[in-house]
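> The structure is given below, and queries will be raised subsequently.
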Amino acid sequence: MYSKSARKWRRAISRADRVKRRVVETMGKVRALIVDDSSVMRKIVERSLRQAGIELEKVLEASNGAEGLAVLQDNAVDLILCDINMPIMDGMEFVRQVATMGSAAGVPIVMITTEGSESHVVEALSTGARGYIRKPFTPDQVKEHVLPVLGNQS
Amino acid sequence: MSTDTALATRSEQEGWLPILELAIQEVFEIMLGCQGKAQPPCERKQQHGEFTAMVGLAGALCGVLTVRCNKKTAGEFAKSMLGDTADSEEQVADALGEICNMIAGNFKNKLAGTDERCMLSVPSVITGGEYAFRSLADGTCLETVLLFEEAPVVIRLQLHS
């Protein structure tokens, strides 16, 4: 029979396994919103998410921040990927607005943009973004920045 | 020395052309999965590309970056980025605009002290071969020509003096 401490460890390991399974299950049902004024870039971001091993239940698209807000009013999502330089409403303003939306306020936002200066990164993160990826990017970089955000969310 | 003159001098003294070429190479490698082969200046001819993508720069760095190529090459770029689903001219123009945007962003991010104070415009793309392009940014001009599947791709950064 197992000692008391061995049983304790087995329980802890089993608990950790359950948590890991839950993360994978949650990630298997990700609903993502991609906000970028380039339809080509939206497709590339979607493909990179799939290459990162994230199973996407639904992918919603918007070509600027204002469209993104409209999408969020009618749809629940688990993850938002957003460009900064866009017409009508830019990415920074979009992040600010999302923070005030009751339903979407907690959704993790990862910026994907050519604006790579430190001030932009600091501004985006202080505004509410949870990650920052500079274009051009590889699928590995998407994985590196998006998976922790989804893991924390679960 | 005025700020403008200082900028033009800076671009020459600091050797910005290799930085621009590095920025281009990174975009080609990561987004197109290829290494563009630089065409030696002596082999270059006047190019009249059918697709020209442009991104404006404003602030500490003021000017315009253009990427010019023929229709077939622009189509190959889009296919490299999207796969065989890239079929419309709109997608081809969009892909070339994004390449131009990423080159401009990557270049300015590599210039110490400039990236913080320089803004990029949303990309624009001109299609059709019958046009002449003249930029009012009449200062320093950095230009490089890469061969993509043996076809020239002209990348030019024209800075305001």
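If you're wondering about the labels, chains in the structure tokens are A, B, ... by order shown, residues count from 1 in each chain, ligands from 1 in order shown.
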Enumerate as a ChimeraX atom specification the residues belonging to chain B that approach chain A to within 8 Å, with only C-alpha atoms taken into account.
/B:26-27,30-31,81-82,91,94-95,98,101-102,105-106,109,115-116,120-122
> Report, in Å with one decimal, the straight-line distance from CA of Glu67 (chain A) to CA of Val142 (chain A).
23.3 Å
